[in-house]
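Right, one structure below, let's go through it.
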Amino acid sequence: AIRALAEVVGDGLDLGIAVFIEGEEEYGSRSFAQFLADNVDVLRSDVIVVADSGNWDDRTPGLTVSLRGNARFTLTVRTLEHASHSGMLGGAVPDAMLATVKLLATLWDDDGAVAVEGLHVREAETPAYDESTLRAESGLLEGVSPIGRDSILSRIWNKPSVTITGWDATPVASASNTLSPETSVVISARVAPGQSAEDAYAAIEAHLRAHAPFGAHLEFSDVDCGDAFLVDTSGWAVEDARASFAEGYGVESVDVGIGGSIPFIADLVREFPAAQILVTGVEDPHARAHSPNESLHLDTFRNAVVSEALLLTRLNARTV
């Protein structure tokens with residue numbers, strides 16, 4: 001996009017551009033805040049484009065106007081001082097696996113909606129989006145029902161979710177008749193816009209402690225929190241972005257919410273409170289982000305590059 005801009009405007013390029021590639025986002029961006037503080041003058045901008053989001057579909061551009069926050073942590077559950085024979089003591093002694101299964105089940109109600117007191121819900125309208133589209137885009141198996149209540153996009157954009165993303169358990173190939181003394185799980189929660197991630201984490205921790213079965217011992221570690229983000233859509237940069245999308249894709253853009261999180265945006269807001277932040281991207285619902293065969297639709301990528309170049313052209317014109 002920058003090369004295309006340079007070819008179009010030539011010597012008329014007056015726009016200052018700082019490019020930063022952030023490589024720790026999937027691990028909480030733990031060095032990002034300090035990097036920003038150390039390089040605040042170099043990176044200071046009127047407009048910040050975070051190109052890490054998605055589009056409405058592979059033909060229609062999306063301008064992300066809301067992102068959920070996240071609270072990720074490791075939970076370790078202990079019930080025994082040591083492993084024991086499941087036949088000799090099973091039925092009288094609770095092992096860590098039993099306690100963990102019962103505890104985790106309390107995080108959701110029978111509809112699969114999050115059942116943790118203290119987690120907020122954002123009230124906001126969402127576009128039409130039916131179950132057949134969800135099935136096509138998610139790969140939901142025949143006979144498996146969606147979870148939650150209310151409109152599908154409200155569940156993804158405006159409500160909390162809780163997912164178990166990792167579990168230290170005995171592999172099937174190594175299974176034995178043993179009562180496990182402890183086990184650990186990684187819990188990843190998405191937080192509705194409007195609630196701080198720290199408050200959401202505190203609510204989840206309190207829920208788990210209150211529901212620990214059989215007096216199981218709980219330990220919480222490796223906590224990472226990132227706040228949700230709502231875009232101020234009243235700024236001139238948003239107007240420039242929408243115009244550039246419409247020209248670059250040949251289709252008017254859609255304002256979208258994203259169920260995922262970009263925690264370091266909170267760092268950008270803190271360091272550059274006057275900057276207008278635009279969240280764009282090259283994904284579409286079939287990109288299968290984070291899966292082993294994540295992919296990129298090439299036409300979407302081309303349209304995104306053109307749109308970014310057009311946006312830069314408009315921003316460059318504002319420097320004159």
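Following the order of the structure tokens, chains are lettered A, B, ..., residues in each are numbered from 1, and ligands are numbered from 1.
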
Name the residues of stretch 205-292 of chain A that come out as strand (DSSP E) in a backbone DSSP run; write them as number ranges by chain.
A: 217-226, 229-230, 254-258, 276-283

Pick out each residue of stretch 43-267 of chain A that DSSP on the backbone tags as alpha helix (DSSP H); I need them as number ranges by chain.
A: 43, 86-89, 96-105, 131-138, 152-157, 197-210, 236-249, 265-267

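Using only C-alpha atoms, the nearest neighbour of A:Leu312 within the list A:Phe245, A:Thr233, A:His290, A:Thr178 is A:Phe245.
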
Distance table requested - stretch 206-235 of chain A against stretch 266-281 of chain A, cut-off 12 Å, only C-alpha atoms: one row per qualifying residue with the closest atom pair and its distance in Å to one decimal, ordered by chain and rising residue number, as a tab-separated table.
residue	atom	partner	partner_atom	distance
A:Cys225	CA	A:Ala266	CA	10.7
A:Gly226	CA	A:Ala266	CA	7.4
A:Asp227	CA	A:Ala266	CA	6.4
A:Ala228	CA	A:Ala266	CA	7.9
A:Phe229	CA	A:Ala266	CA	7.4
A:Leu230	CA	A:Ile277	CA	9.8
A:Val231	CA	A:Ile277	CA	7.1
A:Asp232	CA	A:Gln276	CA	7.8
A:Thr233	CA	A:Leu278	CA	9.2
A:Ser234	CA	A:Gln276	CA	9.9
A:Gly235	CA	A:Gln276	CA	7.2

Of the listed residues A:Asp110, A:Glu182, A:Glu142, A:Asp58, that which approaches A:Asp95 most closely, counting only C-alpha atoms
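Using only C-alpha atoms, the shortest distance to A:Asp95 belongs to A:Glu182.
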
For atom CA of A:Ala4 and atom CA of A:Ile265, determine how far apart the two atoms are, in Å to one decimal place.
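Atom-to-atom, atom CA of A:Ala4 to atom CA of A:Ile265, that is 26.9 Å.
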
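The coordinates place atom CA of A:Gly250 at 21.6 Å from atom CA of A:Ala128.
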
I want to know what sits within 12 Å of A:Leu298, based on only C-alpha atoms, with residues of the same chain fewer than 6 positions away left out; could you give that as a list in words?
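In the requested form, the answer reads Asp58, Arg59, Val282, Glu283, Asp284, Ala287, Ala304 and Val305 of chain A.
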
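Shell of A:Leu104 at 9 Å, with only C-alpha atoms counted and residues fewer than 4 places along the chain excluded, is Ala99, Thr100, Trp108, Ile164 and Leu208 of chain A.
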
Can you list, as a list in words, every protein, DNA or RNA residue that comes within 10 Å of stretch 35-43 of chain A when you count only C-alpha atoms, leaving out same-chain residues fewer than 2 positions away?
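Skipping anything fewer than 2 positions along the chain leaves Gly16, Ile17, Ala18, Val19, Phe20, Arg30, Ser31, Phe32, Ala33, Ser45, Asp46, Ile48, Asp267, Leu268, Arg270, Glu271 and Phe272 of chain A.
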
Saved selection, atoms kept: all heavy atoms, as a CSV table (one decimal), in the first residue's frame:
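The resulting file, out-v4.csv, is shown below:
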chain,number,residue,atom,x,y,z
A,16,GLY,N,3.7,11.7,7.1
A,16,GLY,CA,4.6,10.9,7.9
A,16,GLY,C,4.0,9.5,8.2
A,16,GLY,O,2.9,9.5,8.7
A,17,ILE,N,4.8,8.5,8.0
A,17,ILE,CA,4.2,7.1,8.2
A,17,ILE,C,5.2,6.3,9.1
A,17,ILE,O,6.4,6.3,8.8
A,17,ILE,CB,4.1,6.4,6.9
A,17,ILE,CG1,3.1,7.1,5.9
A,17,ILE,CG2,3.5,4.9,7.1
A,17,ILE,CD1,3.0,6.5,4.6
A,18,ALA,N,4.7,5.8,10.1
A,18,ALA,CA,5.5,4.8,11.0
A,18,ALA,C,4.9,3.5,10.9
A,18,ALA,O,3.7,3.3,11.0
A,18,ALA,CB,5.5,5.3,12.4
A,19,VAL,N,5.7,2.5,10.5
A,19,VAL,CA,5.2,1.1,10.4
A,19,VAL,C,5.8,0.3,11.6
A,19,VAL,O,7.0,0.3,11.8
A,19,VAL,CB,5.7,0.5,9.1
A,19,VAL,CG1,5.2,-1.0,9.0
A,19,VAL,CG2,5.1,1.3,7.9
A,20,PHE,N,4.9,-0.4,12.3
A,20,PHE,CA,5.3,-1.3,13.4
A,20,PHE,C,4.6,-2.6,13.2
A,20,PHE,O,3.4,-2.7,13.1
A,20,PHE,CB,4.9,-0.6,14.7
A,20,PHE,CG,5.3,-1.4,15.9
A,20,PHE,CD1,6.6,-1.5,16.3
A,20,PHE,CD2,4.4,-2.2,16.6
A,20,PHE,CE1,7.0,-2.3,17.4
A,20,PHE,CE2,4.7,-3.0,17.7
A,20,PHE,CZ,6.1,-3.0,18.1
A,30,ARG,N,3.5,-8.5,25.9
A,30,ARG,CA,4.1,-8.2,27.2
A,30,ARG,C,5.2,-7.1,27.1
A,30,ARG,O,5.4,-6.5,28.2
A,30,ARG,CB,4.6,-9.5,27.8
A,30,ARG,CG,3.4,-10.5,28.1
A,30,ARG,CD,3.8,-11.7,28.8
A,30,ARG,NE,2.7,-12.6,29.0
A,30,ARG,CZ,2.7,-13.7,29.7
A,30,ARG,NH1,3.8,-14.1,30.3
A,30,ARG,NH2,1.7,-14.5,29.8
A,31,SER,N,5.8,-6.9,26.0
A,31,SER,CA,6.8,-5.9,25.9
A,31,SER,C,6.3,-4.7,25.2
A,31,SER,O,7.1,-3.7,25.0
A,31,SER,CB,8.1,-6.4,25.3
A,31,SER,OG,7.9,-6.8,23.9
A,32,PHE,N,5.1,-4.7,24.7
A,32,PHE,CA,4.6,-3.6,23.8
A,32,PHE,C,4.5,-2.3,24.5
A,32,PHE,O,4.9,-1.3,24.0
A,32,PHE,CB,3.2,-4.0,23.2
A,32,PHE,CG,2.7,-3.1,22.2
A,32,PHE,CD1,3.3,-3.0,20.9
A,32,PHE,CD2,1.6,-2.3,22.5
A,32,PHE,CE1,2.8,-2.2,20.0
A,32,PHE,CE2,1.1,-1.4,21.5
A,32,PHE,CZ,1.7,-1.3,20.3
A,33,ALA,N,3.9,-2.3,25.8
A,33,ALA,CA,3.7,-1.1,26.5
A,33,ALA,C,5.0,-0.3,26.7
A,33,ALA,O,5.1,0.9,26.5
A,33,ALA,CB,3.0,-1.3,27.8
A,45,SER,N,1.1,9.7,16.3
A,45,SER,CA,0.4,9.8,15.0
A,45,SER,C,-1.0,10.4,15.3
A,45,SER,O,-1.5,10.4,16.4
A,45,SER,CB,0.2,8.4,14.4
A,45,SER,OG,1.4,7.8,14.2
A,46,ASP,N,-1.5,11.0,14.2
A,46,ASP,CA,-2.9,11.5,14.2
A,46,ASP,C,-3.9,10.4,14.0
A,46,ASP,O,-5.0,10.4,14.5
A,46,ASP,CB,-3.1,12.6,13.2
A,46,ASP,CG,-2.2,13.8,13.4
A,46,ASP,OD1,-2.3,14.4,14.5
A,46,ASP,OD2,-1.4,14.2,12.5
A,48,ILE,N,-4.0,6.0,13.7
A,48,ILE,CA,-3.3,4.7,13.8
A,48,ILE,C,-4.2,3.7,13.2
A,48,ILE,O,-5.4,3.5,13.5
A,48,ILE,CB,-3.1,4.4,15.3
A,48,ILE,CG1,-2.2,5.4,15.9
A,48,ILE,CG2,-2.5,3.0,15.5
A,48,ILE,CD1,-2.1,5.3,17.5
A,267,ASP,N,-3.0,0.1,25.1
A,267,ASP,CA,-1.8,0.7,25.2
A,267,ASP,C,-1.7,1.9,24.3
A,267,ASP,O,-1.2,3.0,24.6
A,267,ASP,CB,-0.6,-0.2,25.0
A,267,ASP,CG,-0.6,-1.4,26.0
A,267,ASP,OD1,-0.9,-1.1,27.2
A,267,ASP,OD2,-0.3,-2.5,25.6
A,268,LEU,N,-2.1,1.7,23.1
A,268,LEU,CA,-2.1,2.8,22.1
A,268,LEU,C,-3.0,4.0,22.6
A,268,LEU,O,-2.6,5.2,22.4
A,268,LEU,CB,-2.6,2.3,20.7
A,268,LEU,CG,-1.8,1.3,20.0
A,268,LEU,CD1,-2.5,0.7,18.8
A,268,LEU,CD2,-0.4,1.9,19.6
A,270,ARG,N,-3.8,4.8,25.6
A,270,ARG,CA,-3.1,5.4,26.8
A,270,ARG,C,-2.0,6.3,26.3
A,270,ARG,O,-1.9,7.5,26.8
A,270,ARG,CB,-2.6,4.4,27.7
A,270,ARG,CG,-2.0,5.0,29.0
A,270,ARG,CD,-1.3,3.9,29.9
A,270,ARG,NE,-0.2,3.3,29.2
A,270,ARG,CZ,-0.2,2.1,28.7
A,270,ARG,NH1,-1.3,1.3,28.8
A,270,ARG,NH2,0.9,1.6,28.1
A,271,GLU,N,-1.1,5.9,25.4
A,271,GLU,CA,0.0,6.7,25.0
A,271,GLU,C,-0.4,7.8,24.0
A,271,GLU,O,0.2,8.9,24.0
A,271,GLU,CB,1.1,5.8,24.3
A,271,GLU,CG,1.8,4.9,25.3
A,271,GLU,CD,2.7,5.6,26.3
A,271,GLU,OE1,3.0,6.8,26.1
A,271,GLU,OE2,3.1,4.9,27.3
A,272,PHE,N,-1.4,7.6,23.2
A,272,PHE,CA,-1.8,8.5,22.1
A,272,PHE,C,-3.3,8.8,22.3
A,272,PHE,O,-4.1,8.5,21.4
A,272,PHE,CB,-1.5,8.0,20.7
A,272,PHE,CG,-0.1,7.5,20.6
A,272,PHE,CD1,0.2,6.1,20.4
A,272,PHE,CD2,1.0,8.3,20.7
A,272,PHE,CE1,1.4,5.6,20.3
A,272,PHE,CE2,2.3,7.8,20.6
A,272,PHE,CZ,2.5,6.5,20.4

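The environment of A:Ala115 within 12 Å, counting only C-alpha atoms and disregarding residues fewer than 5 places along the same chain, consists of Leu104, Ala105, Thr106, Leu107, Trp108, Asp109, Asp110, His120, Val121, Gly148, Lys159, Pro160, Ser161, Val162, Ala203, Ile204, His207, Leu208 and His211 of chain A.
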